[in-house]
$ cat work35.pdb   # PDB, C-alpha atoms
ATOM      1  CA  MET A   1      14.762 -21.234   2.002
ATOM      2  CA  LYS A   2      13.821 -18.655  -0.631
ATOM      3  CA  TYR A   3      15.907 -15.593  -1.467
ATOM      4  CA  TYR A   4      13.888 -12.854  -3.117
ATOM      5  CA  THR A   5      16.415 -11.060  -5.284
ATOM      6  CA  VAL A   6      16.400  -8.163  -7.702
ATOM      7  CA  ILE A   7      19.113  -9.044 -10.209
ATOM      8  CA  ASP A   8      20.934  -6.064 -11.696
ATOM      9  CA  THR A   9      21.431  -6.236 -15.443
ATOM     10  CA  ASN A  10      25.230  -6.408 -15.081
ATOM     11  CA  VAL A  11      24.910  -9.690 -13.158
ATOM     12  CA  LEU A  12      22.706 -11.205 -15.859
ATOM     13  CA  VAL A  13      25.052 -10.035 -18.639
ATOM     14  CA  SER A  14      28.089 -11.410 -16.811
ATOM     15  CA  ALA A  15      26.322 -14.750 -16.375
ATOM     16  CA  MET A  16      25.384 -14.898 -20.055
ATOM     17  CA  LEU A  17      28.931 -14.149 -21.157
ATOM     18  CA  LYS A  18      30.511 -16.656 -18.763
ATOM     19  CA  TRP A  19      28.057 -19.148 -17.299
ATOM     20  CA  ASN A  20      30.773 -20.895 -15.274
ATOM     21  CA  SER A  21      31.202 -17.896 -12.948
ATOM     22  CA  VAL A  22      29.787 -16.466  -9.740
ATOM     23  CA  PRO A  23      27.111 -14.475 -11.659
ATOM     24  CA  GLY A  24      26.389 -17.686 -13.584
ATOM     25  CA  ASN A  25      25.902 -19.480 -10.253
ATOM     26  CA  ILE A  26      23.427 -16.766  -9.222
ATOM     27  CA  MET A  27      21.422 -17.292 -12.412
ATOM     28  CA  GLU A  28      21.536 -21.095 -11.997
ATOM     29  CA  LEU A  29      20.077 -20.668  -8.504
ATOM     30  CA  ALA A  30      17.440 -18.331  -9.924
ATOM     31  CA  PHE A  31      16.530 -20.948 -12.522
ATOM     32  CA  SER A  32      16.513 -23.843 -10.037
ATOM     33  CA  GLY A  33      14.577 -22.276  -7.206
ATOM     34  CA  PRO A  34      16.286 -20.924  -4.095
ATOM     35  CA  ILE A  35      16.628 -17.457  -5.673
ATOM     36  CA  ILE A  36      13.314 -15.930  -6.691
ATOM     37  CA  PRO A  37      13.874 -13.116  -9.197
ATOM     38  CA  VAL A  38      11.934  -9.973  -8.325
ATOM     39  CA  LEU A  39      11.062  -7.905 -11.389
ATOM     40  CA  ASN A  40       8.895  -5.363 -13.058
ATOM     41  CA  GLU A  41       8.285  -4.568 -16.731
ATOM     42  CA  ASP A  42      11.020  -1.904 -16.816
ATOM     43  CA  ILE A  43      13.638  -4.349 -15.533
ATOM     44  CA  VAL A  44      12.712  -7.007 -18.097
ATOM     45  CA  LYS A  45      12.752  -4.366 -20.841
ATOM     46  CA  GLU A  46      16.278  -3.326 -19.810
ATOM     47  CA  TYR A  47      17.418  -6.959 -19.672
ATOM     48  CA  ARG A  48      16.192  -7.469 -23.249
ATOM     49  CA  GLU A  49      17.680  -4.228 -24.609
ATOM     50  CA  VAL A  50      21.093  -4.828 -23.056
ATOM     51  CA  LEU A  51      21.357  -8.554 -23.849
ATOM     52  CA  LEU A  52      20.504  -7.903 -27.505
ATOM     53  CA  ARG A  53      23.339  -5.395 -27.956
ATOM     54  CA  PRO A  54      25.470  -6.613 -30.876
ATOM     55  CA  LYS A  55      28.676  -6.554 -28.794
ATOM     56  CA  PHE A  56      27.409  -9.483 -26.694
ATOM     57  CA  HIS A  57      26.742 -11.764 -29.700
ATOM     58  CA  LEU A  58      23.636 -13.316 -28.102
ATOM     59  CA  THR A  59      20.912 -14.511 -30.427
ATOM     60  CA  GLU A  60      17.335 -13.380 -29.980
ATOM     61  CA  GLU A  61      16.398 -17.033 -29.365
ATOM     62  CA  ILE A  62      18.869 -17.345 -26.468
ATOM     63  CA  VAL A  63      17.750 -14.014 -24.973
ATOM     64  CA  ASN A  64      14.086 -15.037 -25.283
ATOM     65  CA  ASP A  65      14.774 -18.395 -23.599
ATOM     66  CA  VAL A  66      16.566 -16.733 -20.676
ATOM     67  CA  LEU A  67      13.897 -14.055 -20.248
ATOM     68  CA  ASP A  68      11.117 -16.653 -20.494
ATOM     69  CA  THR A  69      12.756 -18.616 -17.677
ATOM     70  CA  ILE A  70      13.227 -15.478 -15.571
ATOM     71  CA  ASN A  71       9.562 -14.596 -16.139
ATOM     72  CA  GLU A  72       8.476 -18.127 -15.230
ATOM     73  CA  LYS A  73      10.531 -18.224 -12.018
ATOM     74  CA  GLY A  74      10.170 -14.578 -11.004
ATOM     75  CA  ILE A  75       7.551 -12.462  -9.337
ATOM     76  CA  TYR A  76       6.456  -9.037 -10.489
ATOM     77  CA  VAL A  77       6.246  -6.088  -8.117
ATOM     78  CA  ASP A  78       4.637  -2.697  -8.672
ATOM     79  CA  ALA A  79       7.072  -0.345  -6.979
ATOM     80  CA  ASP A  80       6.524   3.177  -5.752
ATOM     81  CA  THR A  81       8.844   5.875  -7.057
ATOM     82  CA  ILE A  82      11.596   6.723  -4.590
ATOM     83  CA  ASP A  83      13.267  10.104  -4.606
ATOM     84  CA  ILE A  84      16.924   9.085  -4.515
ATOM     85  CA  GLU A  85      19.981  10.267  -6.396
ATOM     86  CA  LEU A  86      22.045   7.424  -7.848
ATOM     87  CA  PRO A  87      25.154   7.683 -10.080
ATOM     88  CA  ASP A  88      23.191   6.003 -12.903
ATOM     89  CA  PRO A  89      19.497   7.027 -13.040
ATOM     90  CA  LYS A  90      18.694   3.712 -14.786
ATOM     91  CA  ASP A  91      19.565   1.917 -11.524
ATOM     92  CA  ARG A  92      16.662   3.566  -9.694
ATOM     93  CA  VAL A  93      14.122   0.951 -10.842
ATOM     94  CA  PHE A  94      16.199  -1.853  -9.294
ATOM     95  CA  TYR A  95      16.374   0.008  -5.970
ATOM     96  CA  GLU A  96      12.649   0.829  -6.056
ATOM     97  CA  VAL A  97      11.697  -2.804  -6.706
ATOM     98  CA  VAL A  98      13.887  -4.187  -3.904
ATOM     99  CA  MET A  99      12.543  -1.584  -1.478
ATOM    100  CA  GLU A 100       8.952  -2.459  -2.422
ATOM    101  CA  LYS A 101       9.539  -6.199  -1.949
ATOM    102  CA  ARG A 102      11.253  -5.547   1.399
ATOM    103  CA  LYS A 103       7.940  -4.164   2.713
ATOM    104  CA  GLU A 104       6.670  -7.770   2.920
ATOM    105  CA  GLU A 105       9.704 -10.089   2.675
ATOM    106  CA  ASN A 106      13.447 -10.011   3.159
ATOM    107  CA  ALA A 107      14.865  -9.235  -0.285
ATOM    108  CA  TYR A 108      18.251  -8.536  -1.831
ATOM    109  CA  LEU A 109      19.554  -6.488  -4.706
ATOM    110  CA  VAL A 110      22.505  -8.286  -6.299
ATOM    111  CA  THR A 111      24.818  -6.137  -8.400
ATOM    112  CA  GLY A 112      28.341  -5.993  -9.695
ATOM    113  CA  ASN A 113      28.242  -2.211  -9.224
ATOM    114  CA  ILE A 114      27.721  -2.035  -5.481
ATOM    115  CA  LYS A 115      29.112   1.508  -5.342
ATOM    116  CA  HIS A 116      26.182   2.692  -7.504
ATOM    117  CA  PHE A 117      23.758   2.074  -4.631
ATOM    118  CA  PRO A 118      23.426   3.160  -0.996
ATOM    119  CA  THR A 119      25.422   1.077   1.487
ATOM    120  CA  LYS A 120      22.803  -1.317   2.859
ATOM    121  CA  PRO A 121      23.174  -4.911   4.093
ATOM    122  CA  PHE A 122      20.637  -6.109   1.502
ATOM    123  CA  ILE A 123      22.578  -4.648  -1.453
ATOM    124  CA  VAL A 124      25.158  -7.321  -2.191
ATOM    125  CA  THR A 125      27.601  -8.568  -4.790
ATOM    126  CA  PRO A 126      27.043 -11.962  -6.423
ATOM    127  CA  ARG A 127      29.773 -13.454  -4.184
ATOM    128  CA  GLN A 128      28.153 -12.025  -1.033
ATOM    129  CA  LEU A 129      24.766 -13.469  -2.015
ATOM    130  CA  LEU A 130      26.316 -16.894  -2.626
ATOM    131  CA  ASP A 131      27.995 -16.688   0.786
ATOM    132  CA  ILE A 132      24.647 -15.829   2.431
ATOM    133  CA  ILE A 133      22.951 -18.783   0.751
ATOM    134  CA  LEU A 134      25.787 -21.181   1.592
ATOM    135  CA  SER A 135      25.894 -20.076   5.248
ATOM    136  CA  ASP A 136      22.141 -20.700   5.545
ATOM    137  CA  THR A 137      22.485 -24.274   4.223
ATOM    138  CA  GLU A 138      25.224 -25.328   6.632
TER     139      GLU A 138
END
$ encode --input "work35.pdb" --output "structure tokens"
Amino acid sequence: MKYYTVIDTNVLVSAMLKWNSVPGNIMELAFSGPIIPVLNEDIVKEYREVLLRPKFHLTEEIVNDVLDTINEKGIYVDADTIDIELPDPKDRVFYEVVMEKRKEENAYLVTGNIKHFPTKPFIVTPRQLLDIILSDTE
């Protein structure tokens, strides 16, 4: 089974800082197949900008390798603008992309900041997404 998933930047950063973690498990599943990252250019641009912040101590080579893999495994979506107020305006693109993908497939938005988004069953934490995947494989 495939899980189309918009991955919030905080999940990717958490995975990069501690690979042996629930966010790390999400990224491993994105790299190995069951999770299909759903992206657009703005999301990838934010990933790059945030991962290259000096405080994370990630080399450009590591960031490029991760983003290359995400690009290789992911699918790009052109999303319509949605008029919605969110606590962080930068989160809007993630919501727009998941809503666009949901027009044709079941899709999730996985985030560590669940309170930044509307309460919807498809907006989940990394742990909730892992639980969904595990329950489907039983």
$ resolve_selection --input "work35.pdb" --expression "the PyMOL selection byres ((chain A and resi 51) around 9)" --output "mmCIF file with C-alpha atoms, in the frame of the given file"
data_model
loop_
_atom_site.group_PDB
_atom_site.id
_atom_site.type_symbol
_atom_site.label_atom_id
_atom_site.label_comp_id
_atom_site.auth_asym_id
_atom_site.auth_seq_id
_atom_site.Cartn_x
_atom_site.Cartn_y
_atom_site.Cartn_z
ATOM 1 C CA THR A 9 21.431 -6.236 -15.443
ATOM 2 C CA LEU A 12 22.706 -11.205 -15.859
ATOM 3 C CA VAL A 13 25.052 -10.035 -18.639
ATOM 4 C CA MET A 16 25.384 -14.898 -20.055
ATOM 5 C CA GLU A 46 16.278 -3.326 -19.810
ATOM 6 C CA TYR A 47 17.418 -6.959 -19.672
ATOM 7 C CA ARG A 48 16.192 -7.469 -23.249
ATOM 8 C CA GLU A 49 17.680 -4.228 -24.609
ATOM 9 C CA VAL A 50 21.093 -4.828 -23.056
ATOM 10 C CA LEU A 52 20.504 -7.903 -27.505
ATOM 11 C CA ARG A 53 23.339 -5.395 -27.956
ATOM 12 C CA PRO A 54 25.470 -6.613 -30.876
ATOM 13 C CA PHE A 56 27.409 -9.483 -26.694
ATOM 14 C CA HIS A 57 26.742 -11.764 -29.700
ATOM 15 C CA LEU A 58 23.636 -13.316 -28.102
ATOM 16 C CA THR A 59 20.912 -14.511 -30.427
ATOM 17 C CA GLU A 60 17.335 -13.380 -29.980
ATOM 18 C CA VAL A 63 17.750 -14.014 -24.973
#
$ resolve_selection --input "work35.pdb" --expression "the PyMOL selection byres ((chain A and resi 7) around 7)" --output "compact mmCIF listing (two decimals) with C-alpha atoms, in the frame of the given file"
# COMPACT_ATOMS: atom_id res chain seq x y z
CA THR A 5 16.42 -11.06 -5.28
CA VAL A 6 16.40 -8.16 -7.70
CA ASP A 8 20.93 -6.06 -11.70
CA THR A 9 21.43 -6.24 -15.44
CA VAL A 11 24.91 -9.69 -13.16
CA PRO A 37 13.87 -13.12 -9.20
CA LEU A 109 19.55 -6.49 -4.71
CA VAL A 110 22.50 -8.29 -6.30
CA THR A 111 24.82 -6.14 -8.40
$ closest_residue --input "work35.pdb" --among "A:Lys55, A:His116, A:Lys73, A:Arg102" --to "Phe31 in chain A" --atoms "all atoms listed in the file"
A:Lys73
$ atom_distance --input "work35.pdb" --atom1 "CA of Lys18 in chain A" --atom2 "CA of Lys90 in chain A"
23.9 Å
$ closest_residue --input "work35.pdb" --among "A:Val98, A:Ile82, A:Val93, A:Val22" --to "Lys45 in chain A" --atoms "only C-alpha atoms"
A:Val93
$ build_atoms --input "work35.pdb" --residues "range 72-93 of chain A" --atoms "N, CA, C and O atoms" --output "PDB file, in the coordinates of the input"
ATOM      1  N   GLU A  72       9.135 -16.955 -15.817  1.00  0.00           N
ATOM      2  CA  GLU A  72       8.476 -18.127 -15.230  1.00  0.00           C
ATOM      3  C   GLU A  72       8.818 -18.279 -13.746  1.00  0.00           C
ATOM      4  O   GLU A  72       7.960 -18.608 -12.930  1.00  0.00           O
ATOM      5  N   LYS A  73      10.069 -18.031 -13.400  1.00  0.00           N
ATOM      6  CA  LYS A  73      10.531 -18.224 -12.018  1.00  0.00           C
ATOM      7  C   LYS A  73      10.320 -16.996 -11.134  1.00  0.00           C
ATOM      8  O   LYS A  73      10.305 -17.113  -9.911  1.00  0.00           O
ATOM      9  N   GLY A  74      10.200 -15.822 -11.763  1.00  0.00           N
ATOM     10  CA  GLY A  74      10.170 -14.578 -11.004  1.00  0.00           C
ATOM     11  C   GLY A  74       8.790 -14.150 -10.562  1.00  0.00           C
ATOM     12  O   GLY A  74       7.779 -14.740 -10.931  1.00  0.00           O
ATOM     13  N   ILE A  75       8.790 -13.103  -9.743  1.00  0.00           N
ATOM     14  CA  ILE A  75       7.551 -12.462  -9.337  1.00  0.00           C
ATOM     15  C   ILE A  75       7.648 -10.977  -9.690  1.00  0.00           C
ATOM     16  O   ILE A  75       8.726 -10.379  -9.618  1.00  0.00           O
ATOM     17  N   TYR A  76       6.512 -10.442 -10.093  1.00  0.00           N
ATOM     18  CA  TYR A  76       6.456  -9.037 -10.489  1.00  0.00           C
ATOM     19  C   TYR A  76       5.966  -8.188  -9.324  1.00  0.00           C
ATOM     20  O   TYR A  76       5.078  -8.594  -8.575  1.00  0.00           O
ATOM     21  N   VAL A  77       6.559  -7.014  -9.198  1.00  0.00           N
ATOM     22  CA  VAL A  77       6.246  -6.088  -8.117  1.00  0.00           C
ATOM     23  C   VAL A  77       5.971  -4.719  -8.734  1.00  0.00           C
ATOM     24  O   VAL A  77       6.722  -4.265  -9.610  1.00  0.00           O
ATOM     25  N   ASP A  78       4.895  -4.087  -8.303  1.00  0.00           N
ATOM     26  CA  ASP A  78       4.637  -2.697  -8.672  1.00  0.00           C
ATOM     27  C   ASP A  78       5.257  -1.830  -7.596  1.00  0.00           C
ATOM     28  O   ASP A  78       4.810  -1.843  -6.449  1.00  0.00           O
ATOM     29  N   ALA A  79       6.311  -1.113  -7.969  1.00  0.00           N
ATOM     30  CA  ALA A  79       7.072  -0.345  -6.979  1.00  0.00           C
ATOM     31  C   ALA A  79       6.712   1.134  -7.032  1.00  0.00           C
ATOM     32  O   ALA A  79       6.466   1.688  -8.098  1.00  0.00           O
ATOM     33  N   ASP A  80       6.705   1.737  -5.855  1.00  0.00           N
ATOM     34  CA  ASP A  80       6.524   3.177  -5.752  1.00  0.00           C
ATOM     35  C   ASP A  80       7.820   3.867  -6.182  1.00  0.00           C
ATOM     36  O   ASP A  80       8.915   3.333  -6.003  1.00  0.00           O
ATOM     37  N   THR A  81       7.679   5.070  -6.711  1.00  0.00           N
ATOM     38  CA  THR A  81       8.844   5.875  -7.057  1.00  0.00           C
ATOM     39  C   THR A  81       9.511   6.353  -5.773  1.00  0.00           C
ATOM     40  O   THR A  81       8.837   6.754  -4.824  1.00  0.00           O
ATOM     41  N   ILE A  82      10.818   6.263  -5.751  1.00  0.00           N
ATOM     42  CA  ILE A  82      11.596   6.723  -4.590  1.00  0.00           C
ATOM     43  C   ILE A  82      12.470   7.887  -5.053  1.00  0.00           C
ATOM     44  O   ILE A  82      13.140   7.788  -6.086  1.00  0.00           O
ATOM     45  N   ASP A  83      12.449   8.939  -4.286  1.00  0.00           N
ATOM     46  CA  ASP A  83      13.267  10.104  -4.606  1.00  0.00           C
ATOM     47  C   ASP A  83      14.669   9.874  -4.058  1.00  0.00           C
ATOM     48  O   ASP A  83      14.934  10.105  -2.884  1.00  0.00           O
ATOM     49  N   ILE A  84      15.538   9.369  -4.919  1.00  0.00           N
ATOM     50  CA  ILE A  84      16.924   9.085  -4.515  1.00  0.00           C
ATOM     51  C   ILE A  84      17.838   9.397  -5.690  1.00  0.00           C
ATOM     52  O   ILE A  84      17.500   9.130  -6.844  1.00  0.00           O
ATOM     53  N   GLU A  85      18.972   9.990  -5.382  1.00  0.00           N
ATOM     54  CA  GLU A  85      19.981  10.267  -6.396  1.00  0.00           C
ATOM     55  C   GLU A  85      20.947   9.091  -6.455  1.00  0.00           C
ATOM     56  O   GLU A  85      21.541   8.731  -5.447  1.00  0.00           O
ATOM     57  N   LEU A  86      21.090   8.511  -7.637  1.00  0.00           N
ATOM     58  CA  LEU A  86      22.045   7.424  -7.848  1.00  0.00           C
ATOM     59  C   LEU A  86      22.985   7.831  -8.985  1.00  0.00           C
ATOM     60  O   LEU A  86      22.576   8.604  -9.867  1.00  0.00           O
ATOM     61  N   PRO A  87      24.218   7.328  -9.003  1.00  0.00           N
ATOM     62  CA  PRO A  87      25.154   7.683 -10.080  1.00  0.00           C
ATOM     63  C   PRO A  87      24.589   7.411 -11.477  1.00  0.00           C
ATOM     64  O   PRO A  87      24.845   8.159 -12.401  1.00  0.00           O
ATOM     65  N   ASP A  88      23.816   6.328 -11.621  1.00  0.00           N
ATOM     66  CA  ASP A  88      23.191   6.003 -12.903  1.00  0.00           C
ATOM     67  C   ASP A  88      21.674   5.992 -12.678  1.00  0.00           C
ATOM     68  O   ASP A  88      21.155   5.107 -12.000  1.00  0.00           O
ATOM     69  N   PRO A  89      20.952   6.966 -13.248  1.00  0.00           N
ATOM     70  CA  PRO A  89      19.497   7.027 -13.040  1.00  0.00           C
ATOM     71  C   PRO A  89      18.756   5.749 -13.451  1.00  0.00           C
ATOM     72  O   PRO A  89      17.700   5.447 -12.909  1.00  0.00           O
ATOM     73  N   LYS A  90      19.338   4.969 -14.366  1.00  0.00           N
ATOM     74  CA  LYS A  90      18.694   3.712 -14.786  1.00  0.00           C
ATOM     75  C   LYS A  90      18.689   2.668 -13.668  1.00  0.00           C
ATOM     76  O   LYS A  90      17.952   1.692 -13.729  1.00  0.00           O
ATOM     77  N   ASP A  91      19.525   2.855 -12.645  1.00  0.00           N
ATOM     78  CA  ASP A  91      19.565   1.917 -11.524  1.00  0.00           C
ATOM     79  C   ASP A  91      18.402   2.114 -10.557  1.00  0.00           C
ATOM     80  O   ASP A  91      18.128   1.237  -9.738  1.00  0.00           O
ATOM     81  N   ARG A  92      17.731   3.251 -10.647  1.00  0.00           N
ATOM     82  CA  ARG A  92      16.662   3.566  -9.694  1.00  0.00           C
ATOM     83  C   ARG A  92      15.589   2.479  -9.653  1.00  0.00           C
ATOM     84  O   ARG A  92      15.135   2.097  -8.582  1.00  0.00           O
ATOM     85  N   VAL A  93      15.193   1.952 -10.807  1.00  0.00           N
ATOM     86  CA  VAL A  93      14.122   0.951 -10.842  1.00  0.00           C
ATOM     87  C   VAL A  93      14.503  -0.288 -10.023  1.00  0.00           C
ATOM     88  O   VAL A  93      13.648  -0.869  -9.337  1.00  0.00           O
TER      89      VAL A  93
END
